[in-house]
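Q: The following file, my_file.cif, comprises mmCIF, C-alpha atoms and all ligand atoms:
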```cif
data_my_file
loop_
_atom_site.label_atom_id
_atom_site.label_comp_id
_atom_site.auth_asym_id
_atom_site.auth_seq_id
_atom_site.Cartn_x
_atom_site.Cartn_y
_atom_site.Cartn_z
CA MET W 1 114.62 90.16 111.91
CA ILE W 2 116.61 89.03 114.85
CA THR W 3 116.51 85.68 116.56
CA PRO W 4 115.50 85.81 120.24
CA THR W 5 118.95 84.76 121.37
CA GLY W 6 120.69 87.15 118.98
CA ARG W 7 122.30 90.46 119.70
CA LEU W 8 120.07 92.89 121.53
CA ARG W 9 120.11 96.18 119.64
CA LEU W 10 120.62 99.48 121.44
CA GLY W 11 118.79 102.54 120.20
CA VAL W 12 120.10 105.72 121.82
CA ASN W 13 117.55 108.45 122.37
CA VAL W 14 119.19 111.88 122.03
CA ASP W 15 116.14 114.02 122.92
CA HIS W 16 117.74 115.44 126.02
CA VAL W 17 120.79 116.69 124.18
CA ALA W 18 118.24 118.89 122.41
CA THR W 19 116.67 119.78 125.77
CA LEU W 20 120.03 121.20 126.86
CA ARG W 21 120.56 122.97 123.54
CA ASN W 22 117.11 124.55 123.69
CA ALA W 23 117.76 125.87 127.20
CA ARG W 24 119.91 128.55 125.55
CA GLY W 25 118.17 128.66 122.21
CA GLY W 26 121.38 128.13 120.21
CA ALA W 27 122.92 125.22 118.33
CA HIS W 28 125.02 123.63 121.09
CA PRO W 29 124.99 120.80 122.11
CA ASP W 30 123.94 119.33 118.77
CA PRO W 31 121.81 116.15 118.98
CA LEU W 32 123.14 115.04 115.58
CA ARG W 33 126.70 115.16 116.91
CA ALA W 34 125.53 113.12 119.90
CA ALA W 35 123.83 110.64 117.57
CA LEU W 36 127.03 110.20 115.56
CA ALA W 37 129.05 109.74 118.77
CA ALA W 38 126.55 107.18 120.09
CA VAL W 39 126.75 105.15 116.89
CA ALA W 40 130.55 105.33 116.91
CA ALA W 41 130.46 103.95 120.47
CA GLY W 42 128.24 100.97 119.63
CA ALA W 43 124.63 102.13 119.32
CA ASP W 44 122.76 100.26 116.60
CA GLY W 45 120.37 103.10 115.95
CA VAL W 46 119.21 106.51 117.09
CA THR W 47 115.82 107.47 118.48
CA VAL W 48 114.25 110.90 118.59
CA HIS W 49 110.83 111.94 119.82
CA LEU W 50 109.43 114.84 117.83
CA ARG W 51 106.88 116.09 120.33
CA GLU W 52 103.94 118.19 119.24
CA ASP W 53 105.21 121.08 121.40
CA ARG W 54 108.80 120.70 120.00
CA ARG W 55 110.18 120.96 123.54
CA HIS W 56 113.42 119.20 122.57
CA ILE W 57 113.83 117.70 119.08
CA VAL W 58 112.64 120.03 116.31
CA ASP W 59 111.72 119.28 112.70
CA GLU W 60 115.12 120.37 111.39
CA ASP W 61 116.86 117.85 113.67
CA VAL W 62 114.92 115.03 112.02
CA THR W 63 115.81 116.33 108.54
CA ARG W 64 119.51 116.63 109.46
CA MET W 65 119.57 113.15 111.03
CA MET W 66 118.01 111.66 107.93
CA ALA W 67 120.61 113.40 105.75
CA GLU W 68 123.72 112.71 107.80
CA LEU W 69 123.17 109.58 109.87
CA SER W 70 123.94 106.23 108.31
CA ALA W 71 122.48 104.28 111.25
CA PRO W 72 118.72 103.64 111.35
CA LEU W 73 116.59 106.46 112.78
CA ASN W 74 113.60 105.60 114.93
CA LEU W 75 111.11 108.48 115.03
CA GLU W 76 108.83 108.48 118.07
CA MET W 77 105.69 110.49 117.49
CA ALA W 78 102.07 110.96 118.46
CA ALA W 79 99.42 109.44 116.22
CA THR W 80 98.38 112.69 114.56
CA ASP W 81 97.95 113.81 110.95
CA GLU W 82 100.73 116.36 111.37
CA MET W 83 103.23 113.72 112.53
CA LEU W 84 102.07 111.25 109.89
CA ALA W 85 102.86 113.82 107.18
CA ILE W 86 106.34 114.36 108.65
CA ALA W 87 107.05 110.63 108.80
CA LEU W 88 105.88 110.15 105.21
CA ARG W 89 108.11 113.04 104.11
CA GLU W 90 111.25 112.18 106.10
CA LYS W 91 110.95 108.40 105.76
CA PRO W 92 112.85 107.30 108.90
CA HIS W 93 113.73 103.61 109.15
CA ALA W 94 111.25 103.19 111.99
CA VAL W 95 108.28 104.99 113.50
CA CYS W 96 107.22 104.36 117.09
CA LEU W 97 103.74 105.61 117.91
CA VAL W 98 103.49 106.90 121.46
CA PRO W 99 100.75 108.55 123.53
CA GLU W 100 101.40 112.22 124.15
CA ARG W 101 99.97 114.71 126.59
CA ARG W 102 101.24 118.27 126.56
CA GLU W 103 101.42 118.60 130.33
CA GLU W 104 103.40 115.38 130.89
CA ARG W 105 107.14 115.48 131.59
CA THR W 106 107.77 112.31 129.65
CA THR W 107 105.74 109.57 127.99
CA GLU W 108 103.55 108.30 130.80
CA GLY W 109 101.90 104.97 130.11
CA GLY W 110 101.46 103.22 126.82
CA LEU W 111 99.08 103.62 123.91
CA ASN W 112 95.53 102.43 124.35
CA VAL W 113 95.52 100.23 121.25
CA VAL W 114 92.28 98.55 122.35
CA GLY W 115 90.31 101.75 122.95
CA GLU W 116 91.83 103.78 120.12
CA HIS W 117 91.74 101.17 117.41
CA ASN W 118 89.85 103.34 114.95
CA ARG W 119 92.29 106.23 115.28
CA LEU W 120 95.48 104.14 115.22
CA ALA W 121 94.69 101.49 112.61
CA PRO W 122 94.66 103.79 109.53
CA LEU W 123 97.95 105.41 110.62
CA VAL W 124 99.62 102.05 111.13
CA ARG W 125 98.34 100.87 107.75
CA GLU W 126 99.63 103.95 105.93
CA LEU W 127 103.06 103.91 107.60
CA VAL W 128 103.52 100.17 107.00
CA ALA W 129 102.48 100.61 103.35
CA ASP W 130 105.10 103.36 103.07
CA GLY W 131 107.78 100.96 104.27
CA ARG W 132 108.27 102.29 107.80
CA ARG W 133 108.93 99.72 110.55
CA VAL W 134 106.05 100.66 112.80
CA SER W 135 106.04 99.99 116.50
CA LEU W 136 103.41 100.68 119.14
CA PHE W 137 104.57 101.75 122.59
CA ILE W 138 102.37 99.85 125.02
CA GLU W 139 102.20 98.47 128.53
CA ALA W 140 102.94 94.74 128.80
CA ASP W 141 99.21 94.05 128.98
CA PRO W 142 97.82 90.96 127.21
CA GLY W 143 94.85 92.86 125.72
CA GLN W 144 97.05 95.63 124.33
CA ILE W 145 99.54 93.13 122.90
CA GLU W 146 96.82 91.17 121.15
CA ALA W 147 95.26 94.37 119.79
CA ALA W 148 98.66 95.45 118.42
CA ALA W 149 99.07 92.10 116.66
CA GLU W 150 95.55 92.33 115.21
CA MET W 151 96.37 95.83 113.93
CA ARG W 152 99.31 94.28 112.07
CA ALA W 153 101.92 96.54 113.59
CA PRO W 154 105.11 94.49 113.10
CA VAL W 155 106.73 95.69 116.34
CA ILE W 156 105.71 96.62 119.87
CA GLU W 157 107.80 98.45 122.43
CA LEU W 158 107.04 97.50 126.01
CA HIS W 159 106.97 100.38 128.50
CA THR W 160 109.51 99.71 131.25
CA GLY W 161 108.50 102.79 133.28
CA GLY W 162 106.70 100.74 135.97
CA TYR W 163 109.79 98.58 136.42
CA HIS W 164 111.96 101.72 136.61
CA GLN W 165 109.72 103.23 139.31
CA ALA W 166 109.77 100.00 141.31
CA CYS W 167 113.60 100.01 141.13
CA ILE W 168 113.74 103.62 142.36
CA ALA W 169 111.45 102.73 145.27
CA GLY W 170 113.55 99.64 146.04
CA ASP W 171 110.29 97.68 146.20
CA VAL W 172 111.47 94.10 145.66
CA ALA W 173 107.98 92.61 145.29
CA LYS W 174 106.99 95.28 142.75
CA ILE W 175 110.23 94.79 140.81
CA ALA W 176 109.49 91.06 140.57
CA PHE W 177 105.89 91.77 139.54
CA GLU W 178 106.93 94.24 136.82
CA LEU W 179 109.62 91.90 135.49
CA THR W 180 107.17 89.01 135.31
CA LYS W 181 104.75 91.24 133.40
CA LEU W 182 107.50 92.21 130.94
CA ARG W 183 108.68 88.61 130.51
CA GLU W 184 105.18 87.26 129.95
CA GLY W 185 104.30 90.15 127.66
CA ALA W 186 107.42 89.63 125.55
CA ARG W 187 106.71 85.91 125.30
CA ARG W 188 103.09 86.45 124.32
CA ALA W 189 104.04 89.07 121.71
CA ALA W 190 106.76 86.93 120.18
CA ALA W 191 104.33 84.01 119.97
CA LEU W 192 101.98 86.27 118.02
CA GLY W 193 104.80 87.03 115.56
CA LEU W 194 105.61 90.51 116.86
CA GLU W 195 109.14 91.86 117.17
CA VAL W 196 109.49 93.10 120.74
CA HIS W 197 111.38 96.16 121.98
CA ALA W 198 111.44 97.80 125.40
CA GLY W 199 112.36 101.10 126.93
CA HIS W 200 111.85 103.91 129.42
CA GLY W 201 113.85 104.62 132.53
CA LEU W 202 116.55 102.02 131.86
CA ASP W 203 119.95 102.61 133.44
CA PHE W 204 123.18 100.76 134.27
CA ASP W 205 121.66 99.21 137.41
CA ASN W 206 118.32 98.06 136.07
CA VAL W 207 119.08 97.17 132.43
CA GLY W 208 120.41 93.66 133.05
CA ALA W 209 117.14 92.00 134.04
CA VAL W 210 115.36 93.51 131.05
CA ALA W 211 118.16 92.75 128.59
CA ALA W 212 118.05 89.13 129.74
CA ILE W 213 114.51 88.70 128.37
CA ALA W 214 115.33 86.54 125.37
CA GLU W 215 112.42 87.68 123.20
CA LEU W 216 113.56 91.31 123.19
CA ALA W 217 115.26 92.54 120.01
CA GLU W 218 115.92 96.17 120.92
CA LEU W 219 116.12 98.56 123.87
CA ASN W 220 115.67 102.31 123.51
CA ILE W 221 117.46 104.31 126.17
CA GLY W 222 117.90 108.06 126.48
CA HIS W 223 117.65 110.13 129.63
CA TYR W 224 120.09 108.14 131.74
CA LEU W 225 122.72 107.94 129.00
CA VAL W 226 122.61 111.67 128.32
CA GLY W 227 122.69 112.49 132.04
CA GLU W 228 125.55 110.12 132.76
CA ALA W 229 127.45 111.47 129.75
CA ILE W 230 127.98 114.70 131.71
CA PHE W 231 130.27 112.76 134.03
CA ALA W 232 131.84 110.15 131.78
CA GLY W 233 131.33 111.29 128.18
CA LEU W 234 128.73 109.91 125.78
CA GLY W 235 131.03 107.40 124.04
CA PRO W 236 132.13 105.56 127.21
CA VAL W 237 128.58 105.60 128.60
CA VAL W 238 127.08 104.08 125.44
CA ALA W 239 129.89 101.52 125.33
CA GLU W 240 129.21 100.53 128.95
CA MET W 241 125.48 100.14 128.30
CA ARG W 242 126.33 97.99 125.28
CA ARG W 243 128.62 95.86 127.46
CA LEU W 244 125.95 95.39 130.16
CA MET W 245 123.34 94.39 127.55
CA ASP W 246 125.67 91.84 125.97
CA ALA W 247 126.62 90.48 129.40
CA ALA W 248 122.94 89.97 130.24
CA ARG W 249 122.66 87.85 127.10
CA GLY W 250 125.46 85.65 128.36
CA GLY W 251 128.09 87.58 126.44
CA ASP W 252 127.41 85.55 123.31
CA ALA W 253 126.34 88.46 121.17
CA VAL W 254 125.70 87.55 117.56
CA ASP W 255 125.85 90.42 115.14
CA GLU W 256 122.87 90.44 112.85
CA ALA W 257 121.54 92.97 110.43
CA ALA W 258 119.01 95.42 111.86
CA SER W 259 115.50 94.49 110.86
N1 LIG I 301 110.99 104.45 124.37
C1 LIG I 301 109.97 105.33 124.23
C2 LIG I 301 108.81 104.96 123.38
C3 LIG I 301 110.02 106.60 124.85
O1 LIG I 301 108.99 107.46 124.71
C4 LIG I 301 111.16 106.94 125.60
C5 LIG I 301 111.25 108.30 126.23
O2 LIG I 301 111.27 109.26 125.24
C6 LIG I 301 112.19 106.02 125.70
C7 LIG I 301 112.07 104.77 125.09
C8 LIG I 301 113.47 106.30 126.43
O3 LIG I 301 113.21 106.53 127.77
P1 LIG I 301 114.36 107.13 128.70
O4 LIG I 301 114.69 108.48 128.15
O5 LIG I 301 113.74 107.16 130.04
O6 LIG I 301 115.53 106.20 128.59
#
```
Please express the file's structure as structure tokens.

A:
Amino acid sequence: MITPTGRLRLGVNVDHVATLRNARGGAHPDPLRAALAAVAAGADGVTVHLREDRRHIVDEDVTRMMAELSAPLNLEMAATDEMLAIALREKPHAVCLVPERREERTTEGGLNVVGEHNRLAPLVRELVADGRRVSLFIEADPGQIEAAAEMRAPVIELHTGGYHQACIAGDVAKIAFELTKLREGARRAAALGLEVHAGHGLDFDNVGAVAAIAELAELNIGHYLVGEAIFAGLGPVVAEMRRLMDAARGGDAVDEAAS
């Protein structure tokens, strides 16, 4: 576990290195190489989303990451029997359950933990019993947070997509609204004993306000880092994100073991 004022962990999502690789159907660029570079530059862990349509990360990537990565792997996946079997076989450090729709470009919205309790609860139970650190990717909605706690998922990840969209639009009132939602959601979740993560659409400009939320233990960031790496290289980009996150915590980062 991490104390609220402790070091905010950075999980680097390398999905879009695989997107680029798959555009030519070969082996380059290799998401495992990117994962190793990200860890060398200061990432605390690596995140991959094995989508049902395998549009970027494929099964073999997960197997290779598990074999060759010493940092913790966070496997994002839909709550399906197929994905459950893969998680139980590969045994990543963490599993983040996400909603998935084939036609979406990226994960839009969070899980409906309230409405899908009967489908999600057995999966959460089985993954927790297997020793995976299970998180539920949800909107910062009080009902969803309470349902996640009742389901005994040890971690939630708050969807920062609404905040990201408000930042793109330059809508100051919406930015304030979304940040308040995230802050109150993180506080409520922590009070219920949940470890709280956040992610989606975070970049150099918008990460500070989120990283400053004291209850957050981890951020998962992918698309921006991979895109920016084209211009500056993955190592420097990860290092800069790390620096911005630490600065938002007052620069008093305390190194603690990953939970
Ligand atoms: N967290 C979760 C649960 C996600 O699904 C994603 C996108 O795959 C991210 C974080 C990272 O989002 P982005 O690629 O926009 O940084």

Q: Taking all atoms listed in the file into account, name the residue in W:Asp81, W:Asp44, W:Glu157, W:Glu146 that is nearest to ligand LIG 301 (chain I).

A: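 When distances to ligand LIG 301 (chain I) are compared using all atoms listed in the file, the smallest one comes from W:Glu157.
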
Q: Can you tell me which residues sit at most 9 Å away from ligand LIG 301 (chain I), counting only C-alpha atoms and all ligand atoms, written as number ranges by chain?

A: W: 11-16, 47-49, 76-77, 96-100, 106-108, 110, 135-138, 157-161, 164, 197-203, 219-226

Q: Please write out, as AutoDock Vina command-line options, where the centre of an axis-aligned box around all listed atoms of segment 231-246 of chain W lies and how long its edges are, in Å to one decimal, after adding 4 Å on each side.

A:
```
--center_x 127.7 --center_y 102.3 --center_z 129.0 --size_x 16.8 --size_y 28.9 --size_z 18.0
```

Q: Let me make sure I understand: among W:Val17, W:Ile213, W:Ala41, W:Leu50, which one has the smallest atom-to-atom distance to Ala239 of chain W if we use all atoms listed in the file?

A: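 When distances to Ala239 of chain W are compared using all atoms listed in the file, the smallest one comes from W:Ala41.
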
Q: Between W:Pro92, W:Gly6, W:Pro122, W:Gly185, single out the one closest to Asp141 of chain W, counting all atoms listed in the file.

A: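 So, comparing all the options, the nearest one is W:Gly185.
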
Q: In Å to one decimal, how far is atom CA of Ala35 of chain W from atom CA of Ile86 of chain W?

A: 20.0 Å

Q: Atom CA of Val155 of chain W and atom CA of Arg187 of chain W, how far apart in Å?

A: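 A separation of 13.3 Å between them.
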
Q: Mind listing as a tab-separated table (two decimals) with C-alpha atoms, in the coordinates of the input all residues within 6 Å of (125.7, 107.1, 125.4), counting all atoms listed in the file?

A:
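Saved the output as out_11.tsv:
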```tsv
chain	number	residue	atom	x	y	z
W	38	ALA	CA	126.55	107.18	120.09
W	225	LEU	CA	122.72	107.94	129.00
W	234	LEU	CA	128.73	109.91	125.78
W	235	GLY	CA	131.03	107.40	124.04
W	237	VAL	CA	128.58	105.60	128.60
W	238	VAL	CA	127.08	104.08	125.44
```

Q: Place N, CA, C and O atoms on segment 189-206 of chain W and deliver the coordinates as a compact mmCIF listing (two decimals), in the frame of the given file.

A:
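Saved the output as rebuild_30.txt:
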```txt
# COMPACT_ATOMS: atom_id res chain seq x y z
N ALA W 189 103.89 88.29 122.95
CA ALA W 189 104.04 89.07 121.71
C ALA W 189 104.84 88.30 120.68
O ALA W 189 104.47 88.26 119.49
N ALA W 190 105.93 87.69 121.11
CA ALA W 190 106.76 86.93 120.18
C ALA W 190 105.97 85.76 119.60
O ALA W 190 106.08 85.45 118.41
N ALA W 191 105.14 85.13 120.45
CA ALA W 191 104.33 84.01 119.97
C ALA W 191 103.31 84.46 118.92
O ALA W 191 102.91 83.69 118.05
N LEU W 192 102.92 85.72 119.00
CA LEU W 192 101.98 86.27 118.02
C LEU W 192 102.71 86.79 116.77
O LEU W 192 102.10 87.39 115.89
N GLY W 193 104.03 86.63 116.74
CA GLY W 193 104.80 87.03 115.56
C GLY W 193 105.30 88.46 115.60
O GLY W 193 105.81 88.97 114.60
N LEU W 194 105.16 89.12 116.75
CA LEU W 194 105.61 90.51 116.86
C LEU W 194 107.10 90.57 117.20
O LEU W 194 107.60 89.72 117.95
N GLU W 195 107.79 91.56 116.68
CA GLU W 195 109.14 91.86 117.17
C GLU W 195 108.95 92.71 118.41
O GLU W 195 108.10 93.62 118.43
N VAL W 196 109.74 92.45 119.45
CA VAL W 196 109.49 93.10 120.74
C VAL W 196 110.68 93.96 121.16
O VAL W 196 111.83 93.49 121.20
N HIS W 197 110.38 95.22 121.45
CA HIS W 197 111.38 96.16 121.98
C HIS W 197 110.95 96.56 123.38
O HIS W 197 109.82 96.26 123.82
N ALA W 198 111.81 97.29 124.08
CA ALA W 198 111.44 97.80 125.40
C ALA W 198 112.20 99.08 125.68
O ALA W 198 113.26 99.33 125.10
N GLY W 199 111.66 99.89 126.55
CA GLY W 199 112.36 101.10 126.93
C GLY W 199 111.58 101.97 127.88
O GLY W 199 110.36 101.82 128.04
N HIS W 200 112.29 102.86 128.49
CA HIS W 200 111.85 103.91 129.42
C HIS W 200 112.45 103.69 130.79
O HIS W 200 112.20 102.67 131.43
N GLY W 201 113.28 104.64 131.19
CA GLY W 201 113.85 104.62 132.53
C GLY W 201 114.93 103.56 132.74
O GLY W 201 115.22 103.22 133.89
N LEU W 202 115.50 103.06 131.68
CA LEU W 202 116.55 102.02 131.86
C LEU W 202 117.89 102.70 132.16
O LEU W 202 118.20 103.76 131.62
N ASP W 203 118.65 102.06 133.05
CA ASP W 203 119.95 102.61 133.44
C ASP W 203 120.94 101.46 133.67
O ASP W 203 120.60 100.28 133.48
N PHE W 204 122.15 101.80 134.07
CA PHE W 204 123.18 100.76 134.27
C PHE W 204 122.72 99.71 135.30
O PHE W 204 123.02 98.54 135.16
N ASP W 205 122.03 100.15 136.34
CA ASP W 205 121.66 99.21 137.41
C ASP W 205 120.48 98.32 137.06
O ASP W 205 120.41 97.19 137.51
N ASN W 206 119.55 98.86 136.28
CA ASN W 206 118.32 98.06 136.07
C ASN W 206 118.25 97.39 134.70
O ASN W 206 117.31 96.64 134.43
```
